[in-house]
file final.cif (mmCIF, N, CA and C atoms)
data_query
loop_
_atom_site.label_atom_id
_atom_site.label_comp_id
_atom_site.auth_asym_id
_atom_site.auth_seq_id
_atom_site.Cartn_x
_atom_site.Cartn_y
_atom_site.Cartn_z
N MET V 219 90.41 -95.36 -119.57
CA MET V 219 89.15 -95.92 -120.00
C MET V 219 88.07 -95.52 -119.01
N ILE V 220 87.05 -94.86 -119.46
CA ILE V 220 85.89 -94.55 -118.65
C ILE V 220 84.69 -95.17 -119.33
N ARG V 221 83.91 -95.92 -118.56
CA ARG V 221 82.73 -96.58 -119.10
C ARG V 221 81.52 -96.04 -118.40
N PHE V 222 80.55 -95.52 -119.16
CA PHE V 222 79.36 -94.94 -118.58
C PHE V 222 78.21 -95.93 -118.67
N VAL V 223 77.42 -95.99 -117.62
CA VAL V 223 76.26 -96.87 -117.59
C VAL V 223 75.08 -96.09 -117.04
N CYS V 224 73.98 -96.03 -117.75
CA CYS V 224 72.72 -95.45 -117.29
C CYS V 224 72.00 -94.78 -118.44
N VAL V 225 70.78 -94.38 -118.17
CA VAL V 225 69.98 -93.76 -119.21
C VAL V 225 70.01 -92.24 -119.04
N ASP V 226 69.45 -91.72 -117.97
CA ASP V 226 69.40 -90.27 -117.74
C ASP V 226 70.67 -89.81 -117.03
N MET V 227 70.72 -90.05 -115.73
CA MET V 227 71.90 -89.71 -114.96
C MET V 227 72.74 -90.97 -114.85
N LYS V 228 74.04 -90.87 -115.08
CA LYS V 228 74.86 -92.07 -114.98
C LYS V 228 74.84 -92.59 -113.55
N GLN V 229 74.81 -93.91 -113.43
CA GLN V 229 74.80 -94.56 -112.12
C GLN V 229 76.21 -94.68 -111.57
N PHE V 230 77.15 -95.04 -112.47
CA PHE V 230 78.54 -95.19 -112.06
C PHE V 230 79.43 -95.14 -113.30
N GLU V 231 80.74 -94.98 -113.07
CA GLU V 231 81.73 -95.02 -114.12
C GLU V 231 83.00 -95.62 -113.56
N PHE V 232 83.76 -96.31 -114.42
CA PHE V 232 85.03 -96.89 -114.01
C PHE V 232 86.15 -95.97 -114.46
N LEU V 233 87.17 -95.84 -113.61
CA LEU V 233 88.29 -94.96 -113.89
C LEU V 233 89.57 -95.78 -113.97
N ASP V 234 90.52 -95.37 -114.81
CA ASP V 234 91.83 -96.02 -114.83
C ASP V 234 92.52 -95.71 -113.51
N PHE V 235 93.10 -96.75 -112.90
CA PHE V 235 93.76 -96.51 -111.63
C PHE V 235 95.05 -97.30 -111.54
N ALA V 236 94.97 -98.58 -111.25
CA ALA V 236 96.16 -99.43 -111.12
C ALA V 236 95.76 -100.85 -111.49
N THR V 237 96.74 -101.65 -111.83
CA THR V 237 96.41 -103.00 -112.30
C THR V 237 95.84 -103.90 -111.22
N ALA V 238 96.20 -103.69 -109.96
CA ALA V 238 95.70 -104.55 -108.88
C ALA V 238 94.45 -103.98 -108.22
N ASP V 239 93.96 -102.88 -108.74
CA ASP V 239 92.79 -102.23 -108.16
C ASP V 239 91.83 -101.79 -109.26
N VAL V 240 90.57 -101.63 -108.87
CA VAL V 240 89.57 -101.05 -109.76
C VAL V 240 88.99 -99.84 -109.04
N CYS V 241 88.93 -98.73 -109.72
CA CYS V 241 88.37 -97.51 -109.15
C CYS V 241 87.08 -97.17 -109.89
N PHE V 242 86.05 -96.83 -109.12
CA PHE V 242 84.82 -96.36 -109.76
C PHE V 242 84.26 -95.18 -108.99
N ARG V 243 83.43 -94.44 -109.68
CA ARG V 243 82.64 -93.38 -109.05
C ARG V 243 81.18 -93.76 -109.25
N ALA V 244 80.44 -93.74 -108.16
CA ALA V 244 79.00 -94.00 -108.19
C ALA V 244 78.29 -92.68 -107.93
N TYR V 245 77.07 -92.58 -108.45
CA TYR V 245 76.30 -91.34 -108.35
C TYR V 245 74.88 -91.65 -107.90
N GLY V 246 74.24 -90.64 -107.31
CA GLY V 246 72.85 -90.79 -106.93
C GLY V 246 72.22 -89.45 -106.61
N GLU V 247 70.93 -89.39 -106.84
CA GLU V 247 70.16 -88.20 -106.44
C GLU V 247 70.03 -88.15 -104.92
N THR V 248 70.01 -89.33 -104.29
CA THR V 248 69.89 -89.45 -102.84
C THR V 248 71.01 -90.35 -102.32
N GLN V 249 71.20 -90.35 -101.01
CA GLN V 249 72.18 -91.27 -100.43
C GLN V 249 71.76 -92.72 -100.68
N ASP V 250 70.47 -93.01 -100.61
CA ASP V 250 69.99 -94.37 -100.86
C ASP V 250 70.41 -94.83 -102.26
N GLU V 251 70.16 -93.98 -103.24
CA GLU V 251 70.50 -94.31 -104.62
C GLU V 251 72.01 -94.42 -104.80
N LEU V 252 72.77 -93.56 -104.15
CA LEU V 252 74.23 -93.60 -104.22
C LEU V 252 74.76 -94.95 -103.73
N PHE V 253 74.31 -95.39 -102.57
CA PHE V 253 74.80 -96.64 -102.00
C PHE V 253 74.36 -97.84 -102.85
N ALA V 254 73.17 -97.78 -103.41
CA ALA V 254 72.70 -98.85 -104.30
C ALA V 254 73.55 -98.89 -105.56
N ASN V 255 73.84 -97.74 -106.15
CA ASN V 255 74.63 -97.69 -107.36
C ASN V 255 76.08 -98.11 -107.12
N ALA V 256 76.62 -97.81 -105.94
CA ALA V 256 77.97 -98.26 -105.61
C ALA V 256 78.01 -99.78 -105.54
N ALA V 257 76.99 -100.38 -104.94
CA ALA V 257 76.93 -101.85 -104.88
C ALA V 257 76.82 -102.44 -106.27
N LEU V 258 75.97 -101.83 -107.11
CA LEU V 258 75.81 -102.31 -108.48
C LEU V 258 77.14 -102.22 -109.25
N ALA V 259 77.85 -101.13 -109.09
CA ALA V 259 79.15 -100.97 -109.75
C ALA V 259 80.12 -102.06 -109.30
N MET V 260 80.17 -102.33 -107.99
CA MET V 260 81.08 -103.35 -107.49
C MET V 260 80.75 -104.72 -108.08
N PHE V 261 79.45 -105.06 -108.13
CA PHE V 261 79.08 -106.36 -108.69
C PHE V 261 79.29 -106.41 -110.19
N GLU V 262 79.21 -105.26 -110.86
CA GLU V 262 79.48 -105.23 -112.30
C GLU V 262 80.95 -105.53 -112.58
N VAL V 263 81.82 -105.23 -111.63
CA VAL V 263 83.23 -105.61 -111.76
C VAL V 263 83.36 -107.13 -111.77
N MET V 264 82.51 -107.80 -111.01
CA MET V 264 82.60 -109.26 -110.83
C MET V 264 81.85 -110.06 -111.89
N VAL V 265 80.65 -109.61 -112.26
CA VAL V 265 79.78 -110.37 -113.17
C VAL V 265 78.97 -109.41 -114.05
N GLU V 266 78.35 -109.95 -115.08
CA GLU V 266 77.38 -109.19 -115.87
C GLU V 266 76.09 -109.15 -115.03
N THR V 267 75.83 -108.05 -114.36
CA THR V 267 74.70 -108.00 -113.43
C THR V 267 73.36 -108.15 -114.13
N LYS V 268 73.29 -107.83 -115.41
CA LYS V 268 72.02 -107.98 -116.14
C LYS V 268 71.58 -109.44 -116.21
N ASN V 269 72.51 -110.37 -116.01
CA ASN V 269 72.20 -111.80 -116.05
C ASN V 269 71.95 -112.39 -114.67
N VAL V 270 71.97 -111.57 -113.63
CA VAL V 270 71.76 -112.05 -112.25
C VAL V 270 70.29 -111.85 -111.88
N ALA V 271 69.59 -112.96 -111.71
CA ALA V 271 68.16 -112.91 -111.37
C ALA V 271 67.97 -112.71 -109.88
N PRO V 272 66.90 -112.02 -109.48
CA PRO V 272 66.63 -111.78 -108.05
C PRO V 272 65.94 -112.97 -107.38
N LYS V 273 66.64 -114.09 -107.28
CA LYS V 273 66.07 -115.32 -106.73
C LYS V 273 66.21 -115.44 -105.22
N VAL V 274 67.27 -114.85 -104.68
CA VAL V 274 67.57 -114.92 -103.24
C VAL V 274 67.60 -113.50 -102.71
N THR V 275 66.92 -113.27 -101.59
CA THR V 275 66.92 -111.94 -100.97
C THR V 275 67.56 -112.02 -99.58
N LYS V 276 68.40 -111.07 -99.29
CA LYS V 276 69.06 -110.97 -97.98
C LYS V 276 68.74 -109.60 -97.40
N ASP V 277 68.50 -109.57 -96.08
CA ASP V 277 68.36 -108.30 -95.35
C ASP V 277 69.72 -107.99 -94.76
N ILE V 278 70.19 -106.79 -95.00
CA ILE V 278 71.52 -106.39 -94.54
C ILE V 278 71.42 -105.10 -93.76
N GLU V 279 72.14 -105.05 -92.65
CA GLU V 279 72.26 -103.83 -91.86
C GLU V 279 73.71 -103.62 -91.51
N VAL V 280 74.18 -102.40 -91.70
CA VAL V 280 75.53 -102.04 -91.29
C VAL V 280 75.49 -100.66 -90.64
N LYS V 281 76.46 -100.43 -89.77
CA LYS V 281 76.61 -99.14 -89.12
C LYS V 281 78.00 -98.61 -89.40
N GLY V 282 78.11 -97.30 -89.37
CA GLY V 282 79.40 -96.67 -89.57
C GLY V 282 79.55 -95.47 -88.66
N GLU V 283 80.74 -94.89 -88.69
CA GLU V 283 81.00 -93.69 -87.91
C GLU V 283 80.78 -92.44 -88.75
N ASP V 284 80.89 -92.59 -90.06
CA ASP V 284 80.68 -91.52 -91.01
C ASP V 284 80.28 -92.17 -92.33
N LEU V 285 80.02 -91.37 -93.36
CA LEU V 285 79.57 -91.94 -94.64
C LEU V 285 80.62 -92.81 -95.31
N LYS V 286 81.90 -92.45 -95.14
CA LYS V 286 82.96 -93.29 -95.71
C LYS V 286 82.98 -94.68 -95.08
N SER V 287 82.94 -94.72 -93.76
CA SER V 287 82.98 -96.03 -93.09
C SER V 287 81.70 -96.82 -93.38
N LEU V 288 80.59 -96.11 -93.54
CA LEU V 288 79.34 -96.79 -93.89
C LEU V 288 79.45 -97.42 -95.28
N MET V 289 80.03 -96.71 -96.24
CA MET V 289 80.24 -97.26 -97.59
C MET V 289 81.19 -98.45 -97.54
N PHE V 290 82.27 -98.30 -96.81
CA PHE V 290 83.26 -99.36 -96.67
C PHE V 290 82.62 -100.63 -96.08
N ASP V 291 81.89 -100.47 -94.98
CA ASP V 291 81.25 -101.61 -94.33
C ASP V 291 80.16 -102.23 -95.21
N TRP V 292 79.39 -101.42 -95.92
CA TRP V 292 78.33 -101.88 -96.82
C TRP V 292 78.91 -102.78 -97.92
N LEU V 293 79.90 -102.27 -98.62
CA LEU V 293 80.45 -103.03 -99.73
C LEU V 293 81.16 -104.30 -99.25
N ASN V 294 81.88 -104.21 -98.15
CA ASN V 294 82.55 -105.41 -97.64
C ASN V 294 81.56 -106.43 -97.08
N GLU V 295 80.45 -105.98 -96.53
CA GLU V 295 79.41 -106.91 -96.08
C GLU V 295 78.84 -107.67 -97.28
N LEU V 296 78.63 -106.99 -98.38
CA LEU V 296 78.14 -107.67 -99.58
C LEU V 296 79.15 -108.70 -100.08
N LEU V 297 80.44 -108.36 -100.00
CA LEU V 297 81.48 -109.30 -100.42
C LEU V 297 81.51 -110.54 -99.52
N PHE V 298 81.12 -110.39 -98.26
CA PHE V 298 81.03 -111.54 -97.36
C PHE V 298 80.11 -112.61 -97.94
N TYR V 299 78.98 -112.19 -98.50
CA TYR V 299 78.03 -113.15 -99.07
C TYR V 299 78.55 -113.80 -100.35
N VAL V 300 79.37 -113.08 -101.08
CA VAL V 300 80.02 -113.67 -102.26
C VAL V 300 80.94 -114.79 -101.80
N ASP V 301 81.78 -114.50 -100.81
CA ASP V 301 82.76 -115.46 -100.34
C ASP V 301 82.16 -116.62 -99.55
N SER V 302 81.18 -116.33 -98.70
CA SER V 302 80.65 -117.37 -97.80
C SER V 302 79.53 -118.20 -98.42
N GLU V 303 78.72 -117.59 -99.30
CA GLU V 303 77.57 -118.31 -99.84
C GLU V 303 77.56 -118.38 -101.36
N GLY V 304 78.57 -117.82 -102.00
CA GLY V 304 78.63 -117.86 -103.46
C GLY V 304 77.52 -117.09 -104.14
N LEU V 305 77.07 -116.01 -103.49
CA LEU V 305 75.98 -115.20 -104.03
C LEU V 305 76.52 -113.97 -104.76
N VAL V 306 75.81 -113.57 -105.80
CA VAL V 306 76.04 -112.29 -106.45
C VAL V 306 74.70 -111.57 -106.50
N PHE V 307 74.73 -110.25 -106.43
CA PHE V 307 73.50 -109.47 -106.34
C PHE V 307 73.39 -108.48 -107.51
N SER V 308 72.14 -108.16 -107.85
CA SER V 308 71.90 -107.19 -108.92
C SER V 308 70.82 -106.17 -108.57
N LYS V 309 70.11 -106.37 -107.48
CA LYS V 309 69.04 -105.45 -107.05
C LYS V 309 69.33 -105.02 -105.62
N PHE V 310 69.23 -103.72 -105.38
CA PHE V 310 69.58 -103.16 -104.08
C PHE V 310 68.54 -102.13 -103.67
N ASP V 311 67.78 -102.44 -102.62
CA ASP V 311 66.81 -101.50 -102.06
C ASP V 311 67.41 -101.00 -100.75
N VAL V 312 67.95 -99.79 -100.77
CA VAL V 312 68.78 -99.27 -99.69
C VAL V 312 68.11 -98.10 -98.99
N LYS V 313 68.22 -98.08 -97.68
CA LYS V 313 67.77 -96.95 -96.86
C LYS V 313 68.92 -96.54 -95.95
N VAL V 314 69.38 -95.31 -96.12
CA VAL V 314 70.46 -94.77 -95.30
C VAL V 314 69.87 -93.83 -94.28
N ASP V 315 70.20 -94.04 -93.01
CA ASP V 315 69.81 -93.16 -91.91
C ASP V 315 71.09 -92.44 -91.47
N GLU V 316 71.30 -91.23 -92.02
CA GLU V 316 72.54 -90.51 -91.74
C GLU V 316 72.65 -90.06 -90.28
N LYS V 317 71.51 -89.81 -89.63
CA LYS V 317 71.55 -89.39 -88.23
C LYS V 317 72.12 -90.50 -87.33
N GLN V 318 71.70 -91.74 -87.59
CA GLN V 318 72.20 -92.87 -86.79
C GLN V 318 73.38 -93.56 -87.47
N MET V 319 73.74 -93.06 -88.66
CA MET V 319 74.82 -93.62 -89.47
C MET V 319 74.63 -95.13 -89.63
N LYS V 320 73.43 -95.47 -90.13
CA LYS V 320 73.04 -96.86 -90.30
C LYS V 320 72.46 -97.06 -91.70
N LEU V 321 72.74 -98.20 -92.27
CA LEU V 321 72.20 -98.57 -93.58
C LEU V 321 71.43 -99.87 -93.44
N SER V 322 70.23 -99.89 -93.97
CA SER V 322 69.41 -101.11 -94.02
C SER V 322 69.10 -101.36 -95.49
N ALA V 323 69.18 -102.61 -95.90
CA ALA V 323 68.94 -102.92 -97.31
C ALA V 323 68.36 -104.31 -97.49
N LYS V 324 67.60 -104.43 -98.56
CA LYS V 324 67.18 -105.73 -99.08
C LYS V 324 67.92 -105.86 -100.40
N VAL V 325 68.72 -106.91 -100.50
CA VAL V 325 69.48 -107.14 -101.73
C VAL V 325 69.04 -108.46 -102.33
N SER V 326 68.98 -108.50 -103.64
CA SER V 326 68.52 -109.71 -104.32
C SER V 326 69.51 -110.13 -105.40
N GLY V 327 69.63 -111.44 -105.53
CA GLY V 327 70.53 -112.00 -106.54
C GLY V 327 70.38 -113.51 -106.55
N GLU V 328 71.47 -114.18 -106.87
CA GLU V 328 71.43 -115.64 -106.93
C GLU V 328 72.83 -116.20 -106.77
N ARG V 329 72.88 -117.54 -106.59
CA ARG V 329 74.17 -118.21 -106.49
C ARG V 329 74.89 -118.11 -107.83
N ILE V 330 76.20 -118.00 -107.77
CA ILE V 330 77.00 -117.94 -108.98
C ILE V 330 76.84 -119.25 -109.75
N ASP V 331 76.50 -119.11 -111.01
CA ASP V 331 76.33 -120.25 -111.91
C ASP V 331 77.23 -120.00 -113.11
N HIS V 332 78.31 -120.77 -113.20
CA HIS V 332 79.30 -120.55 -114.27
C HIS V 332 78.73 -120.82 -115.67
N GLN V 333 77.62 -121.55 -115.75
CA GLN V 333 76.95 -121.77 -117.03
C GLN V 333 76.20 -120.51 -117.46
N LYS V 334 75.66 -119.79 -116.49
CA LYS V 334 74.79 -118.64 -116.76
C LYS V 334 75.51 -117.29 -116.68
N HIS V 335 76.38 -117.13 -115.68
CA HIS V 335 76.99 -115.84 -115.40
C HIS V 335 78.35 -115.69 -116.06
N THR V 336 78.56 -114.53 -116.64
CA THR V 336 79.87 -114.19 -117.17
C THR V 336 80.71 -113.66 -116.01
N ILE V 337 81.68 -114.45 -115.59
CA ILE V 337 82.53 -114.06 -114.46
C ILE V 337 83.65 -113.17 -115.00
N LYS V 338 83.84 -112.04 -114.34
CA LYS V 338 84.85 -111.08 -114.81
C LYS V 338 86.07 -111.08 -113.90
N THR V 339 85.99 -110.39 -112.78
CA THR V 339 87.13 -110.19 -111.90
C THR V 339 86.75 -110.48 -110.46
N GLU V 340 87.63 -111.16 -109.74
CA GLU V 340 87.38 -111.40 -108.32
C GLU V 340 87.73 -110.14 -107.54
N VAL V 341 86.80 -109.69 -106.70
CA VAL V 341 87.05 -108.54 -105.83
C VAL V 341 87.38 -109.08 -104.45
N LYS V 342 88.55 -108.71 -103.95
CA LYS V 342 88.98 -109.17 -102.62
C LYS V 342 88.38 -108.31 -101.51
N ALA V 343 88.37 -106.99 -101.73
CA ALA V 343 87.89 -106.09 -100.68
C ALA V 343 87.68 -104.69 -101.22
N CYS V 344 86.84 -103.95 -100.51
CA CYS V 344 86.70 -102.51 -100.70
C CYS V 344 87.76 -101.87 -99.79
N THR V 345 88.41 -100.81 -100.26
CA THR V 345 89.45 -100.17 -99.46
C THR V 345 89.04 -98.74 -99.09
N TYR V 346 89.75 -98.18 -98.13
CA TYR V 346 89.57 -96.77 -97.77
C TYR V 346 90.42 -95.86 -98.64
N HIS V 347 91.36 -96.42 -99.38
CA HIS V 347 92.31 -95.63 -100.16
C HIS V 347 91.58 -94.69 -101.13
N ASN V 348 91.81 -93.40 -101.00
CA ASN V 348 91.21 -92.36 -101.84
C ASN V 348 89.68 -92.40 -101.89
N MET V 349 89.05 -93.00 -100.89
CA MET V 349 87.59 -93.07 -100.87
C MET V 349 87.02 -91.67 -100.61
N GLU V 350 85.94 -91.39 -101.33
CA GLU V 350 85.20 -90.15 -101.13
C GLU V 350 83.72 -90.46 -101.13
N VAL V 351 82.97 -89.81 -100.26
CA VAL V 351 81.51 -89.84 -100.28
C VAL V 351 81.07 -88.42 -99.97
N LYS V 352 80.49 -87.76 -100.99
CA LYS V 352 80.15 -86.35 -100.76
C LYS V 352 79.02 -85.92 -101.69
N LYS V 353 78.43 -84.82 -101.31
CA LYS V 353 77.39 -84.19 -102.13
C LYS V 353 78.07 -83.10 -102.94
N ARG V 354 77.83 -83.12 -104.27
CA ARG V 354 78.47 -82.15 -105.15
C ARG V 354 77.43 -81.71 -106.17
N ASP V 355 77.24 -80.42 -106.27
CA ASP V 355 76.27 -79.85 -107.22
C ASP V 355 74.88 -80.45 -107.03
N GLY V 356 74.50 -80.68 -105.79
CA GLY V 356 73.16 -81.18 -105.47
C GLY V 356 72.98 -82.68 -105.65
N LYS V 357 74.03 -83.38 -106.06
CA LYS V 357 73.95 -84.83 -106.25
C LYS V 357 75.04 -85.51 -105.43
N TRP V 358 74.81 -86.76 -105.12
CA TRP V 358 75.77 -87.53 -104.32
C TRP V 358 76.75 -88.25 -105.23
N MET V 359 78.02 -88.32 -104.77
CA MET V 359 79.07 -89.01 -105.49
C MET V 359 79.93 -89.78 -104.49
N ALA V 360 80.30 -91.00 -104.88
CA ALA V 360 81.25 -91.78 -104.08
C ALA V 360 82.34 -92.28 -105.01
N GLN V 361 83.56 -92.17 -104.56
CA GLN V 361 84.68 -92.77 -105.27
C GLN V 361 85.19 -93.92 -104.43
N VAL V 362 85.32 -95.08 -105.04
CA VAL V 362 85.70 -96.29 -104.31
C VAL V 362 86.80 -97.02 -105.08
N ILE V 363 87.77 -97.54 -104.35
CA ILE V 363 88.81 -98.37 -104.95
C ILE V 363 88.66 -99.78 -104.37
N LEU V 364 88.57 -100.74 -105.27
CA LEU V 364 88.42 -102.15 -104.91
C LEU V 364 89.75 -102.87 -105.12
N ASP V 365 90.13 -103.69 -104.17
CA ASP V 365 91.31 -104.54 -104.30
C ASP V 365 90.89 -105.79 -105.07
N VAL V 366 91.51 -106.02 -106.22
CA VAL V 366 91.16 -107.19 -107.04
C VAL V 366 92.32 -108.15 -107.17
#
call {"tool": "encode", "arguments": {"input": "final.cif", "output": "structure tokens"}}
result
Amino acid sequence: MIRFVCVDMKQFEFLDFATADVCFRAYGETQDELFANAALAMFEVMVETKNVAPKVTKDIEVKGEDLKSLMFDWLNELLFYVDSEGLVFSKFDVKVDEKQMKLSAKVSGERIDHQKHTIKTEVKACTYHNMEVKKRDGKWMAQVILDV
């Protein structure tokens, strides 16, 4: 099963992988867009993101040693807010500084409301397993496997 989401260039797609995991590929014209689309894909696994209003904004900064570790730390940092504050996000304004291997973002969403949000799958963690972050044919692509 592959599910495409987007108008012009697809933002992400889900791939068949394993029953305890969800695999997706995120895409972007830039690294900023790639990391934002990866976050959107992860939250789409958890909830219908179109129903998540940008009521709460968080400033997030993460550092990595390379683009893979930066993606890993970014997605797991977002999951921290799900677990600790019951927040889900749908808007991601991301700036990646590849020279310093740092990501800064403003993310917006709201507290999970079971009356309003369609809850799908609980994501436990982002994994390094088969993770890829690379530029291909002039566009950025990330492959991520989530432990669910």
call {"tool": "residues_near_point", "arguments": {"input": "final.cif", "point": "(69.1, -98.8, -99.8)", "cutoff": "7 Å", "atoms": "all atoms listed in the file", "output": "MDAnalysis selection string"}}
result
chainID V and resid 249:251 253:254 310:314 321:324
call {"tool": "resolve_selection", "arguments": {"input": "final.cif", "expression": "the PyMOL selection byres (((chain V and resi 281 and name CA) around 7) and name CA)", "output": "list of chain:residue names"}}
result
V:Glu279, V:Val280, V:Gly282, V:Leu288, V:Met319, V:Lys320, V:Leu321
call {"tool": "write_last_selection", "arguments": {"input": "final.cif", "atoms": "N, CA and C atoms", "output": "PDB file, in the frame of the given file"}}
result
ATOM      1  N   GLU V 279      72.140-105.050 -92.650  1.00  0.00           N
ATOM      2  CA  GLU V 279      72.260-103.830 -91.860  1.00  0.00           C
ATOM      3  C   GLU V 279      73.710-103.620 -91.510  1.00  0.00           C
ATOM      4  N   VAL V 280      74.180-102.400 -91.700  1.00  0.00           N
ATOM      5  CA  VAL V 280      75.530-102.040 -91.290  1.00  0.00           C
ATOM      6  C   VAL V 280      75.490-100.660 -90.640  1.00  0.00           C
ATOM      7  N   GLY V 282      78.110 -97.300 -89.370  1.00  0.00           N
ATOM      8  CA  GLY V 282      79.400 -96.670 -89.570  1.00  0.00           C
ATOM      9  C   GLY V 282      79.550 -95.470 -88.660  1.00  0.00           C
ATOM     10  N   LEU V 288      80.590 -96.110 -93.540  1.00  0.00           N
ATOM     11  CA  LEU V 288      79.340 -96.790 -93.890  1.00  0.00           C
ATOM     12  C   LEU V 288      79.450 -97.420 -95.280  1.00  0.00           C
ATOM     13  N   MET V 319      73.740 -93.060 -88.660  1.00  0.00           N
ATOM     14  CA  MET V 319      74.820 -93.620 -89.470  1.00  0.00           C
ATOM     15  C   MET V 319      74.630 -95.130 -89.630  1.00  0.00           C
ATOM     16  N   LYS V 320      73.430 -95.470 -90.130  1.00  0.00           N
ATOM     17  CA  LYS V 320      73.040 -96.860 -90.300  1.00  0.00           C
ATOM     18  C   LYS V 320      72.460 -97.060 -91.700  1.00  0.00           C
ATOM     19  N   LEU V 321      72.740 -98.200 -92.270  1.00  0.00           N
ATOM     20  CA  LEU V 321      72.200 -98.570 -93.580  1.00  0.00           C
ATOM     21  C   LEU V 321      71.430 -99.870 -93.440  1.00  0.00           C
TER      22      LEU V 321
END
call {"tool": "resolve_selection", "arguments": {"input": "final.cif", "expression": "the PyMOL selection byres ((chain V and resi 273) around 6.5)", "output": "VMD selection string"}}
result
chain V and resid 270 to 272 274 to 275 326 to 328
call {"tool": "select_by_dssp", "arguments": {"input": "final.cif", "residues": "segment 224-332 of chain V", "states": "strand (DSSP E)", "output": "number ranges by chain"}}
result
V: 230-236, 239-246, 274-281, 305-315, 320-329
call {"tool": "residues_around", "arguments": {"input": "final.cif", "residues": "segment 346-352 of chain V", "least_positions_apart": "5", "cutoff": "7 Å", "atoms": "only N, CA and C atoms", "output": "list of chain:residue names"}}
result
V:Leu285, V:Lys286, V:Phe290, V:Lys357, V:Trp358, V:Met359, V:Ala360, V:Gln361, V:Val362, V:Ile363
call {"tool": "atom_distance", "arguments": {"input": "final.cif", "atom1": "atom CA of His332 of chain V", "atom2": "atom CA of Thr345 of chain V"}}
result
27.2 Å
call {"tool": "atom_distance", "arguments": {"input": "final.cif", "atom1": "atom C of Ser308 of chain V", "atom2": "atom CA of Asp239 of chain V"}}
result
22.3 Å
call {"tool": "atom_distance", "arguments": {"input": "final.cif", "atom1": "atom CA of Glu262 of chain V", "atom2": "atom CA of Glu316 of chain V"}}
result
26.2 Å
call {"tool": "resolve_selection", "arguments": {"input": "final.cif", "expression": "the PyMOL selection byres ((chain V and resi 305) around 5)", "output": "list in words"}}
result
Tyr299, Val300, Glu303, Gly304, Val306, Phe307, Glu328, Arg329 and Ile330 of chain V
call {"tool": "select_by_dssp", "arguments": {"input": "final.cif", "residues": "segment 260-357 of chain V", "states": "helix (DSSP H, G or I)", "output": "MDAnalysis selection string"}}
result
chainID V and resid 260:264 267:269 285:303
call {"tool": "closest_residue", "arguments": {"input": "final.cif", "among": "V:Cys344, V:Ala244, V:Val366, V:Ile278", "to": "Leu297 of chain V", "atoms": "only N, CA and C atoms"}}
result
V:Cys344
call {"tool": "decode", "arguments": {"input": "final.cif", "residues": "segment 295-308 of chain V", "atoms": "N, CA and C atoms", "output": "PDB file, in the first residue's frame"}}
result
ATOM      1  N   GLU V 295      12.241  14.362  19.269  1.00  0.00           N
ATOM      2  CA  GLU V 295      11.941  15.546  20.080  1.00  0.00           C
ATOM      3  C   GLU V 295      10.456  15.899  19.962  1.00  0.00           C
ATOM      4  N   LEU V 296       9.920  15.811  18.770  1.00  0.00           N
ATOM      5  CA  LEU V 296       8.487  16.069  18.589  1.00  0.00           C
ATOM      6  C   LEU V 296       7.644  15.057  19.358  1.00  0.00           C
ATOM      7  N   LEU V 297       8.073  13.798  19.361  1.00  0.00           N
ATOM      8  CA  LEU V 297       7.348  12.765  20.110  1.00  0.00           C
ATOM      9  C   LEU V 297       7.385  13.032  21.617  1.00  0.00           C
ATOM     10  N   PHE V 298       8.440  13.677  22.095  1.00  0.00           N
ATOM     11  CA  PHE V 298       8.522  14.044  23.507  1.00  0.00           C
ATOM     12  C   PHE V 298       7.315  14.896  23.909  1.00  0.00           C
ATOM     13  N   TYR V 299       6.937  15.838  23.048  1.00  0.00           N
ATOM     14  CA  TYR V 299       5.801  16.715  23.357  1.00  0.00           C
ATOM     15  C   TYR V 299       4.465  15.971  23.298  1.00  0.00           C
ATOM     16  N   VAL V 300       4.391  14.961  22.470  1.00  0.00           N
ATOM     17  CA  VAL V 300       3.190  14.122  22.440  1.00  0.00           C
ATOM     18  C   VAL V 300       3.054  13.408  23.781  1.00  0.00           C
ATOM     19  N   ASP V 301       4.147  12.792  24.230  1.00  0.00           N
ATOM     20  CA  ASP V 301       4.122  12.009  25.458  1.00  0.00           C
ATOM     21  C   ASP V 301       4.033  12.861  26.717  1.00  0.00           C
ATOM     22  N   SER V 302       4.753  13.976  26.758  1.00  0.00           N
ATOM     23  CA  SER V 302       4.826  14.766  27.995  1.00  0.00           C
ATOM     24  C   SER V 302       3.699  15.785  28.138  1.00  0.00           C
ATOM     25  N   GLU V 303       3.209  16.331  27.018  1.00  0.00           N
ATOM     26  CA  GLU V 303       2.202  17.391  27.100  1.00  0.00           C
ATOM     27  C   GLU V 303       0.921  17.075  26.345  1.00  0.00           C
ATOM     28  N   GLY V 304       0.858  15.906  25.720  1.00  0.00           N
ATOM     29  CA  GLY V 304      -0.344  15.527  24.989  1.00  0.00           C
ATOM     30  C   GLY V 304      -0.613  16.400  23.780  1.00  0.00           C
ATOM     31  N   LEU V 305       0.456  16.899  23.155  1.00  0.00           N
ATOM     32  CA  LEU V 305       0.324  17.780  21.993  1.00  0.00           C
ATOM     33  C   LEU V 305       0.498  17.003  20.691  1.00  0.00           C
ATOM     34  N   VAL V 306      -0.229  17.432  19.677  1.00  0.00           N
ATOM     35  CA  VAL V 306       0.002  16.967  18.312  1.00  0.00           C
ATOM     36  C   VAL V 306       0.176  18.206  17.443  1.00  0.00           C
ATOM     37  N   PHE V 307       0.978  18.094  16.400  1.00  0.00           N
ATOM     38  CA  PHE V 307       1.323  19.243  15.581  1.00  0.00           C
ATOM     39  C   PHE V 307       0.914  19.025  14.123  1.00  0.00           C
ATOM     40  N   SER V 308       0.648  20.141  13.442  1.00  0.00           N
ATOM     41  CA  SER V 308       0.284  20.066  12.029  1.00  0.00           C
ATOM     42  C   SER V 308       0.991  21.113  11.173  1.00  0.00           C
TER      43      SER V 308
END
